[in-house]
Structure formats: structure tokens, C-alpha cells
>>> print(open('protein.pdb').read())   # PDB, C-alpha atoms and all ligand atoms
ATOM      1  CA  MET A 297      62.534  14.910 170.694
ATOM      2  CA  PHE A 298      59.387  12.713 170.548
ATOM      3  CA  GLN A 299      57.323  12.109 173.636
ATOM      4  CA  PHE A 300      54.380   9.707 173.818
ATOM      5  CA  LYS A 301      51.767  10.187 176.527
ATOM      6  CA  GLU A 302      49.200   7.420 177.058
ATOM      7  CA  VAL A 303      49.274   6.648 173.340
ATOM      8  CA  LYS A 304      47.210   3.877 171.834
ATOM      9  CA  TYR A 305      46.563   3.040 168.213
ATOM     10  CA  LYS A 306      43.528   0.783 167.777
ATOM     11  CA  GLU A 307      44.370  -2.577 169.331
ATOM     12  CA  ILE A 308      47.801  -2.432 167.759
ATOM     13  CA  LEU A 309      49.945  -0.102 169.897
ATOM     14  CA  ASP A 310      49.998   0.640 173.608
ATOM     15  CA  LEU A 311      52.722   3.164 174.448
ATOM     16  CA  PRO A 312      51.861   4.880 177.739
ATOM     17  CA  ASP A 313      55.228   6.541 178.232
ATOM     18  CA  LEU A 314      57.855   6.590 175.497
ATOM     19  CA  TYR A 315      60.605   9.113 174.851
ATOM     20  CA  ILE A 316      62.686   9.053 171.659
ATOM     21  CA  ASN A 317      65.860  11.095 171.920
ATOM     22  CA  PHE A 318      68.047  12.858 169.345
ATOM     23  CA  GLY A 319      70.606  10.624 167.669
ATOM     24  CA  ILE A 320      70.285   7.134 166.244
ATOM     25  CA  THR A 321      67.364   5.073 167.535
ATOM     26  CA  VAL A 322      66.736   1.547 166.266
ATOM     27  CA  LEU A 323      63.436  -0.311 166.564
ATOM     28  CA  LEU A 324      63.804  -4.087 166.672
ATOM     29  CA  GLY A 325      60.974  -6.588 166.839
ATOM     30  CA  ALA A 326      59.095  -9.435 165.220
ATOM     31  CA  SER A 327      57.037  -8.985 162.075
ATOM     32  CA  GLY A 328      53.660  -7.515 162.955
ATOM     33  CA  SER A 329      54.835  -6.119 166.307
ATOM     34  CA  GLY A 330      53.954  -2.534 165.291
ATOM     35  CA  LYS A 331      57.264  -0.976 164.188
ATOM     36  CA  SER A 332      56.011   0.543 160.937
ATOM     37  CA  THR A 333      52.888   1.779 162.694
ATOM     38  CA  ILE A 334      55.073   3.672 165.198
ATOM     39  CA  LEU A 335      57.005   5.363 162.360
ATOM     40  CA  LYS A 336      53.736   6.286 160.623
ATOM     41  CA  MET A 337      52.547   8.012 163.782
ATOM     42  CA  LEU A 338      55.797   9.996 164.059
ATOM     43  CA  ASN A 339      55.248  11.204 160.495
ATOM     44  CA  LYS A 340      51.560  12.039 161.040
ATOM     45  CA  MET A 341      50.543   9.539 158.376
ATOM     46  CA  ILE A 342      48.272   8.146 161.080
ATOM     47  CA  SER A 343      47.187   9.655 164.393
ATOM     48  CA  PRO A 344      46.870   7.936 167.761
ATOM     49  CA  THR A 345      43.358   6.778 168.581
ATOM     50  CA  GLN A 346      44.139   7.784 172.177
ATOM     51  CA  GLY A 347      46.736   9.959 173.889
ATOM     52  CA  THR A 348      49.220  12.557 172.710
ATOM     53  CA  ILE A 349      52.514  12.657 170.822
ATOM     54  CA  LEU A 350      54.789  15.677 171.236
ATOM     55  CA  TYR A 351      57.575  16.647 168.833
ATOM     56  CA  GLN A 352      59.999  19.174 170.307
ATOM     57  CA  GLY A 353      57.379  19.870 172.936
ATOM     58  CA  LYS A 354      54.604  20.567 170.411
ATOM     59  CA  ASN A 355      51.492  18.436 170.080
ATOM     60  CA  LEU A 356      51.609  16.717 166.675
ATOM     61  CA  LYS A 357      47.878  17.316 166.408
ATOM     62  CA  ASP A 358      48.519  21.060 166.211
ATOM     63  CA  LEU A 359      51.218  20.883 163.513
ATOM     64  CA  SER A 360      50.501  21.016 159.797
ATOM     65  CA  SER A 361      51.161  17.562 158.308
ATOM     66  CA  VAL A 362      52.944  19.008 155.283
ATOM     67  CA  GLU A 363      55.218  21.197 157.405
ATOM     68  CA  HIS A 364      55.884  18.394 159.868
ATOM     69  CA  ARG A 365      56.865  15.967 157.096
ATOM     70  CA  ARG A 366      59.502  18.409 155.888
ATOM     71  CA  ASN A 367      61.186  18.046 159.253
ATOM     72  CA  VAL A 368      60.406  14.391 159.871
ATOM     73  CA  THR A 369      60.572  12.427 156.631
ATOM     74  CA  MET A 370      59.947   8.748 156.002
ATOM     75  CA  LEU A 371      61.640   6.221 153.763
ATOM     76  CA  SER A 372      58.889   3.628 153.537
ATOM     77  CA  GLN A 373      59.247  -0.133 153.201
ATOM     78  CA  ASN A 374      58.017   0.099 149.604
ATOM     79  CA  PRO A 375      59.014   3.528 148.281
ATOM     80  CA  THR A 376      57.019   5.101 145.458
ATOM     81  CA  MET A 377      58.676   5.518 142.072
ATOM     82  CA  PHE A 378      57.446   8.136 139.638
ATOM     83  CA  GLU A 379      57.374   7.947 135.852
ATOM     84  CA  GLY A 380      60.667   9.065 134.388
ATOM     85  CA  ASN A 381      64.359   8.439 134.867
ATOM     86  CA  ILE A 382      66.629   8.203 137.874
ATOM     87  CA  ARG A 383      67.362  11.928 137.865
ATOM     88  CA  ASP A 384      63.619  12.785 137.959
ATOM     89  CA  ASN A 385      63.111  10.385 140.838
ATOM     90  CA  LEU A 386      66.038  11.807 142.792
ATOM     91  CA  THR A 387      64.950  15.406 142.503
ATOM     92  CA  ILE A 388      61.169  15.085 142.754
ATOM     93  CA  GLY A 389      61.151  15.736 146.504
ATOM     94  CA  LEU A 390      63.138  18.951 146.075
ATOM     95  CA  GLU A 391      60.799  20.011 143.273
ATOM     96  CA  PHE A 392      57.749  19.449 145.473
ATOM     97  CA  GLN A 393      59.349  21.648 148.106
ATOM     98  CA  GLY A 394      60.313  24.320 145.583
ATOM     99  CA  LYS A 395      64.005  23.927 146.390
ATOM    100  CA  GLU A 396      66.965  24.352 144.097
ATOM    101  CA  ILE A 397      68.013  21.288 142.066
ATOM    102  CA  PRO A 398      71.716  20.415 142.452
ATOM    103  CA  ASP A 399      73.881  20.075 139.357
ATOM    104  CA  GLU A 400      74.692  16.843 137.554
ATOM    105  CA  SER A 401      77.886  16.093 139.473
ATOM    106  CA  GLU A 402      76.198  16.475 142.835
ATOM    107  CA  LEU A 403      73.392  14.142 141.792
ATOM    108  CA  ALA A 404      75.909  11.595 140.527
ATOM    109  CA  GLU A 405      77.678  11.842 143.881
ATOM    110  CA  ILE A 406      74.429  10.976 145.675
ATOM    111  CA  LEU A 407      74.059   7.850 143.505
ATOM    112  CA  LYS A 408      77.554   6.860 144.542
ATOM    113  CA  GLN A 409      76.732   7.431 148.198
ATOM    114  CA  VAL A 410      73.760   5.066 147.992
ATOM    115  CA  GLN A 411      75.773   2.506 146.001
ATOM    116  CA  LEU A 412      73.596   2.790 142.904
ATOM    117  CA  LYS A 413      75.750   2.101 139.869
ATOM    118  CA  LYS A 414      73.407   3.536 137.234
ATOM    119  CA  GLU A 415      73.237   6.565 134.953
ATOM    120  CA  LEU A 416      70.992   9.493 135.914
ATOM    121  CA  SER A 417      69.295   9.175 132.517
ATOM    122  CA  GLU A 418      68.274   5.526 132.998
ATOM    123  CA  SER A 419      64.626   4.620 133.415
ATOM    124  CA  VAL A 420      63.476   3.437 136.843
ATOM    125  CA  LEU A 421      61.256   0.739 135.324
ATOM    126  CA  ASN A 422      63.899  -1.959 135.426
ATOM    127  CA  LEU A 423      65.371  -1.218 138.848
ATOM    128  CA  SER A 424      65.259  -4.032 141.404
ATOM    129  CA  GLY A 425      63.509  -3.617 144.755
ATOM    130  CA  GLY A 426      66.781  -2.881 146.532
ATOM    131  CA  GLU A 427      67.830  -0.394 143.856
ATOM    132  CA  LYS A 428      64.513   1.465 144.125
ATOM    133  CA  GLN A 429      64.952   1.631 147.867
ATOM    134  CA  ARG A 430      68.447   3.095 147.516
ATOM    135  CA  LEU A 431      67.203   5.602 144.939
ATOM    136  CA  ALA A 432      64.508   6.681 147.408
ATOM    137  CA  LEU A 433      67.209   6.976 150.058
ATOM    138  CA  GLY A 434      69.155   9.273 147.714
ATOM    139  CA  ARG A 435      65.997  11.358 147.339
ATOM    140  CA  LEU A 436      65.764  11.589 151.110
ATOM    141  CA  LEU A 437      69.438  12.559 151.525
ATOM    142  CA  LEU A 438      68.860  15.453 149.124
ATOM    143  CA  LEU A 439      65.895  16.621 151.205
ATOM    144  CA  ASP A 440      68.033  16.202 154.322
ATOM    145  CA  PRO A 441      65.280  16.482 156.955
ATOM    146  CA  GLN A 442      65.882  16.986 160.664
ATOM    147  CA  VAL A 443      64.670  13.463 161.439
ATOM    148  CA  TYR A 444      65.051  10.502 159.078
ATOM    149  CA  LEU A 445      62.438   7.780 159.577
ATOM    150  CA  LEU A 446      63.819   4.675 157.898
ATOM    151  CA  ASP A 447      61.610   1.603 157.597
ATOM    152  CA  GLU A 448      63.971  -1.307 156.965
ATOM    153  CA  PRO A 449      66.236   0.668 154.658
ATOM    154  CA  SER A 450      68.466  -2.338 154.188
ATOM    155  CA  SER A 451      65.959  -5.194 154.018
ATOM    156  CA  ALA A 452      66.504  -5.735 150.296
ATOM    157  CA  LEU A 453      70.301  -5.487 150.465
ATOM    158  CA  ASP A 454      73.092  -8.014 150.812
ATOM    159  CA  ASP A 455      75.073  -7.835 154.078
ATOM    160  CA  ASN A 456      77.995  -5.931 152.610
ATOM    161  CA  THR A 457      75.921  -3.224 150.888
ATOM    162  CA  GLU A 458      73.749  -2.980 153.999
ATOM    163  CA  GLU A 459      76.762  -2.202 156.149
ATOM    164  CA  ILE A 460      78.071   0.431 153.709
ATOM    165  CA  ILE A 461      74.671   2.145 153.427
ATOM    166  CA  ILE A 462      73.908   2.218 157.147
ATOM    167  CA  GLN A 463      77.381   3.486 157.951
ATOM    168  CA  MET A 464      77.003   6.241 155.333
ATOM    169  CA  ILE A 465      73.601   7.318 156.699
ATOM    170  CA  THR A 466      74.694   7.375 160.320
ATOM    171  CA  GLU A 467      77.841   9.377 159.487
ATOM    172  CA  HIS A 468      75.868  11.820 157.340
ATOM    173  CA  VAL A 469      73.310  12.321 160.083
ATOM    174  CA  LYS A 470      75.795  12.693 162.939
ATOM    175  CA  LYS A 471      77.885  15.211 161.006
ATOM    176  CA  ARG A 472      74.829  17.410 160.580
ATOM    177  CA  ASP A 473      73.280  16.967 164.014
ATOM    178  CA  LYS A 474      70.242  15.224 162.599
ATOM    179  CA  SER A 475      68.450  12.161 163.931
ATOM    180  CA  VAL A 476      67.517   8.721 162.643
ATOM    181  CA  ILE A 477      64.718   6.460 163.812
ATOM    182  CA  MET A 478      65.225   3.203 161.972
ATOM    183  CA  VAL A 479      63.500  -0.152 161.814
ATOM    184  CA  THR A 480      65.744  -3.096 161.102
ATOM    185  CA  HIS A 481      65.722  -6.860 161.578
ATOM    186  CA  SER A 482      69.491  -6.859 161.956
ATOM    187  CA  LYS A 483      70.666  -7.121 165.588
ATOM    188  CA  ASN A 484      74.182  -6.597 164.288
ATOM    189  CA  ILE A 485      73.294  -3.225 162.731
ATOM    190  CA  ALA A 486      71.424  -2.215 165.867
ATOM    191  CA  GLU A 487      74.308  -3.061 168.212
ATOM    192  CA  LYS A 488      76.848  -1.367 166.011
ATOM    193  CA  TYR A 489      75.141   1.910 165.112
ATOM    194  CA  ALA A 490      72.326   2.683 167.555
ATOM    195  CA  ASP A 491      72.582   5.139 170.422
ATOM    196  CA  GLU A 492      69.429   3.534 171.711
ATOM    197  CA  ILE A 493      67.675   0.243 170.888
ATOM    198  CA  LEU A 494      63.946  -0.163 171.473
ATOM    199  CA  GLN A 495      62.748  -3.748 171.466
ATOM    200  CA  ILE A 496      59.109  -3.779 170.293
ATOM    201  CA  GLY A 497      56.721  -6.696 170.909
ATOM    202  CA  HIS A 498      52.946  -6.858 170.545
ATOM    203  CA  GLY A 499      52.712  -3.068 170.209
ATOM    204  CA  ARG A 500      54.678  -2.337 173.374
ATOM    205  CA  VAL A 501      58.231  -1.399 174.269
ATOM    206  CA  LEU A 502      59.622  -4.553 175.882
ATOM    207  CA  ASN A 503      63.078  -3.279 176.515
ATOM    208  CA  ARG A 504      65.301  -0.263 175.901
ATOM    209  CA  ARG A 505      69.053   0.071 176.099
TER     210      ARG A 505
HETATM  211  N1  LIG B   1      45.547   0.599 159.631
HETATM  212  C1  LIG B   1      45.548  -0.600 160.229
HETATM  213  N2  LIG B   1      44.387  -1.127 160.698
HETATM  214  C2  LIG B   1      44.374  -2.311 161.313
HETATM  215  N3  LIG B   1      45.458  -3.071 161.513
HETATM  216  C3  LIG B   1      46.641  -2.605 161.064
HETATM  217  C4  LIG B   1      46.749  -1.355 160.400
HETATM  218  N4  LIG B   1      48.047  -1.162 160.076
HETATM  219  C5  LIG B   1      48.719  -2.242 160.510
HETATM  220  N5  LIG B   1      47.880  -3.117 161.116
HETATM  221  C6  LIG B   1      48.254  -4.354 161.826
HETATM  222  O1  LIG B   1      49.045  -3.936 162.939
HETATM  223  C7  LIG B   1      50.085  -4.838 163.198
HETATM  224  C8  LIG B   1      51.423  -4.105 163.179
HETATM  225  O2  LIG B   1      51.737  -3.747 161.840
HETATM  226  P1  LIG B   1      53.115  -3.078 161.445
HETATM  227  O3  LIG B   1      53.101  -2.866 159.989
HETATM  228  O4  LIG B   1      53.326  -1.888 162.309
HETATM  229  O5  LIG B   1      54.153  -4.204 161.851
HETATM  230  P2  LIG B   1      55.750  -4.255 161.687
HETATM  231  O6  LIG B   1      56.316  -4.438 163.041
HETATM  232  O7  LIG B   1      56.201  -3.081 160.900
HETATM  233  O8  LIG B   1      55.948  -5.604 160.847
HETATM  234  P3  LIG B   1      57.024  -5.960 159.667
HETATM  235  O9  LIG B   1      58.306  -6.263 160.377
HETATM  236  O10 LIG B   1      56.432  -7.173 159.042
HETATM  237  O11 LIG B   1      57.095  -4.799 158.738
HETATM  238  C9  LIG B   1      49.954  -5.939 162.174
HETATM  239  O12 LIG B   1      49.261  -7.006 162.764
HETATM  240  C10 LIG B   1      49.152  -5.292 161.055
HETATM  241  O13 LIG B   1      48.411  -6.259 160.371
HETATM  242 MG    MG B   2      57.035  -2.891 159.028
END
>>> encode(input="protein.pdb", output="C-alpha cells")
Amino acid sequence: MFQFKEVKYKEILDLPDLYINFGITVLLGASGSGKSTILKMLNKMISPTQGTILYQGKNLKDLSSVEHRRNVTMLSQNPTMFEGNIRDNLTIGLEFQGKEIPDESELAEILKQVQLKKELSESVLNLSGGEKQRLALGRLLLLDPQVYLLDEPSSALDDNTEEIIIQMITEHVKKRDKSVIMVTHSKNIAEKYADEILQIGHGRVLNRR
């Protein structure tokens, strides 16, 4: 799916030869090791300072960023909230893409899936960090890209909610033949759900299994 050839990013990443396959890939590693920077490169938010990244055999450099991000979409560590209520924030991605907005019951179902026990009409101003993250995850599920880039989707969650959310995402993705590339600090989550685990340290892949 993704192939890195002699890739470097500033002094931060050195990935001479990395292949990321379809399925569920988990990136593990210490804070500051370069995990988020790798995801940002996959999403074309930043470009390698050296080398080439291919997606499905195509050089990322040659793909339109907007088009690419429809296929490969990121849930960032600190997702953006827009003015308005929960419904607005769920559907804003679809609106940007000019897609049809699902009806009320479907939107409520998404809230259930992400374990957000709130009304669609509630303001997002008072949501906690973890609730905002789950709302942004709901937004992403509605967009349903080919590749989900998840940057610590469960960092703000308690263990039980974390397990429920990750299980839901991995099931959703497998059912539809999509892929996940996820950063987590949880070895337990990695062992349980990953097809492949990449251990990142000092901007390099230390180990893969
Ligand atoms: N645009 C940039 N320019 C210079 N340095 C950067 C840039 N972006 C990130 N860094 C540095 O690169 C290193 C890797 O950052 P990154 O955010 O990828 O780490 P991470 O593994 O995601 O860490 P965490 O687990 O804390 O989220 C850090 O030392 C960070 O300060
Ligand atoms: Mg990070």
C-alpha cells in the first residue's frame, strides 16, 4: 500500500526501506520518536525532505493533496472542532466533500458507535478532550476513507472505552476491506488488534512483527 524509498524528513525521520501493508498497522514508540510525523507524511500534510513515498504504486508527489486526503484521512491528536453543535461537527466532512448527509437516526447511531452519550443538538463547547476526539472519529467513520490514519485515537479514554472503540474501528474497517494505520501507546491494543506492529525509535523502524 505505502512504500518508502530512501525517505528522510529533516533530522527527524530516516526510513530507507519501509512497506506498510493493507490491514491494521500499529506504530508503537516513545514520545518524540517520530510517529505523528510518519502519519503526516502519509497524508501529504508534510513531504519528505529526501526520497520518495508511493501509495498504491503512485508517487505521493504527483497526487493532488485534496484527492489523496479523501482516500487517506487523518484523525489528529488534537482534532479541530467547528462552531456549532454535535450534528454540525459530525457532518462537516461530508459537506466539504459535497456528499449526502445521512438522516437523524443514522447520525445518532454513529454517536452510539463512538460511545458519545450526547444529543446531536448539543453544543461542542463543553465537550471534554476525549469526547471531542470521539466526535471527530464519528466524523471520520461517516467519511469512511480507504485508509484511516489514527493518531492516538484512544489516548484520552479510560481502558474500557478504549477497548470498545478500537474493537469497533477494527471491525468496521475489516468488514469493508479498508486499512488502519494507528499510533498508540498501548502494547495491549497493539498485540490484540494489529496485523503488523512497527516499533519506532529515534525516527527509525527498530522492529517489525
Ligand atoms: N516540523 C517540524 N520541524 C522540526 N521538528 C519537528 C517538526 N515536527 C516534529 N518535530 C520534532 O520531531 C520529533 C518527532 O515528533 P513527533 O510528533 O512525530 O513525535 P511522536 O512520536 O508523535 O511523539 P508523541 O508520542 O509525543 O506524540 C520531535 O522531537 C518533534 O519535536
Ligand atoms: Mg504524536
>>> atom_distance(input="protein.pdb", atom1="CA of Thr466 in chain A", atom2="CA of Gly319 in chain A")
9.0 Å
>>> closest_residue(input="protein.pdb", among="A:Leu439, A:Ala404, A:Asn355, A:Phe378", to="Leu390 in chain A", atoms="all atoms listed in the file")
A:Leu439
>>> resolve_selection(input="protein.pdb", expression="the PyMOL selection byres (((not hetatm)) within 6 of (chain B and resi 1))", output="ChimeraX atom specification")
/A:308,326-333
>>> residues_around(input="protein.pdb", residues="Gln373 in chain A", least_positions_apart="4", cutoff="12 Å", atoms="all atoms listed in the file", output="compact mmCIF listing (two decimals) with C-alpha atoms, keeping the file's coordinate frame")
# COMPACT_ATOMS: atom_id res chain seq x y z
CA LYS A 331 57.26 -0.98 164.19
CA SER A 332 56.01 0.54 160.94
CA THR A 333 52.89 1.78 162.69
CA LEU A 335 57.00 5.36 162.36
CA LYS A 336 53.74 6.29 160.62
CA GLY A 425 63.51 -3.62 144.76
CA GLY A 426 66.78 -2.88 146.53
CA LYS A 428 64.51 1.46 144.12
CA GLN A 429 64.95 1.63 147.87
CA ARG A 430 68.45 3.10 147.52
CA ALA A 432 64.51 6.68 147.41
CA LEU A 433 67.21 6.98 150.06
CA LEU A 445 62.44 7.78 159.58
CA LEU A 446 63.82 4.68 157.90
CA ASP A 447 61.61 1.60 157.60
CA GLU A 448 63.97 -1.31 156.96
CA PRO A 449 66.24 0.67 154.66
CA SER A 450 68.47 -2.34 154.19
CA SER A 451 65.96 -5.19 154.02
CA ALA A 452 66.50 -5.74 150.30
CA MET A 478 65.22 3.20 161.97
CA VAL A 479 63.50 -0.15 161.81
CA THR A 480 65.74 -3.10 161.10
>>> atom_distance(input="protein.pdb", atom1="CA of Gln299 in chain A", atom2="CA of Glu467 in chain A")
25.1 Å
>>> atom_distance(input="protein.pdb", atom1="CA of Ile382 in chain A", atom2="CA of Leu416 in chain A")
5.0 Å
>>> axis_aligned_box(input="protein.pdb", around="range 325-340 of chain A", padding_each_side="6 Å", output="AutoDock Vina command-line options")
--center_x 56.3 --center_y 1.3 --center_z 163.7 --size_x 21.4 --size_y 33.5 --size_z 18.3
>>> resolve_selection(input="protein.pdb", expression="the PyMOL selection byres (((chain A and resi 405) around 12) and not hetatm)", output="mmCIF file with C-alpha atoms, keeping the file's coordinate frame")
data_model
loop_
_atom_site.group_PDB
_atom_site.id
_atom_site.type_symbol
_atom_site.label_atom_id
_atom_site.label_comp_id
_atom_site.auth_asym_id
_atom_site.auth_seq_id
_atom_site.Cartn_x
_atom_site.Cartn_y
_atom_site.Cartn_z
ATOM 1 C CA ARG A 383 67.362 11.928 137.865
ATOM 2 C CA LEU A 386 66.038 11.807 142.792
ATOM 3 C CA PRO A 398 71.716 20.415 142.452
ATOM 4 C CA ASP A 399 73.881 20.075 139.357
ATOM 5 C CA GLU A 400 74.692 16.843 137.554
ATOM 6 C CA SER A 401 77.886 16.093 139.473
ATOM 7 C CA GLU A 402 76.198 16.475 142.835
ATOM 8 C CA LEU A 403 73.392 14.142 141.792
ATOM 9 C CA ALA A 404 75.909 11.595 140.527
ATOM 10 C CA ILE A 406 74.429 10.976 145.675
ATOM 11 C CA LEU A 407 74.059 7.850 143.505
ATOM 12 C CA LYS A 408 77.554 6.860 144.542
ATOM 13 C CA GLN A 409 76.732 7.431 148.198
ATOM 14 C CA VAL A 410 73.760 5.066 147.992
ATOM 15 C CA GLN A 411 75.773 2.506 146.001
ATOM 16 C CA LEU A 412 73.596 2.790 142.904
ATOM 17 C CA LYS A 413 75.750 2.101 139.869
ATOM 18 C CA LYS A 414 73.407 3.536 137.234
ATOM 19 C CA GLU A 415 73.237 6.565 134.953
ATOM 20 C CA LEU A 416 70.992 9.493 135.914
ATOM 21 C CA GLY A 434 69.155 9.273 147.714
ATOM 22 C CA LEU A 437 69.438 12.559 151.525
ATOM 23 C CA LEU A 438 68.860 15.453 149.124
#
>>> closest_residue(input="protein.pdb", among="A:Gln442, A:Lys395, A:Glu427, A:Asn374", to="ligand MG 2 (chain B)", atoms="all atoms listed in the file")
A:Asn374
>>> resolve_selection(input="protein.pdb", expression="the PyMOL selection byres (((chain A and resi 474) around 7) and not hetatm)", output="mmCIF file with C-alpha atoms, in the coordinates of the input")
data_model
loop_
_atom_site.group_PDB
_atom_site.id
_atom_site.type_symbol
_atom_site.label_atom_id
_atom_site.label_comp_id
_atom_site.auth_asym_id
_atom_site.auth_seq_id
_atom_site.Cartn_x
_atom_site.Cartn_y
_atom_site.Cartn_z
ATOM 1 C CA GLY A 319 70.606 10.624 167.669
ATOM 2 C CA GLN A 442 65.882 16.986 160.664
ATOM 3 C CA VAL A 443 64.670 13.463 161.439
ATOM 4 C CA VAL A 469 73.310 12.321 160.083
ATOM 5 C CA LYS A 470 75.795 12.693 162.939
ATOM 6 C CA ARG A 472 74.829 17.410 160.580
ATOM 7 C CA ASP A 473 73.280 16.967 164.014
ATOM 8 C CA SER A 475 68.450 12.161 163.931
#
>>> closest_residue(input="protein.pdb", among="A:Val362, A:Val368, A:Leu324, A:Ala490", to="Met337 in chain A", atoms="all atoms listed in the file")
A:Val368
>>> residues_around(input="protein.pdb", residues="Glu363 in chain A", least_positions_apart="4", cutoff="12 Å", atoms="all atoms listed in the file", output="list in words")
Asn339, Lys340, Leu356, Asp358, Leu359, Asn367, Val368, Thr369, Gln393, Pro441 and Gln442 of chain A
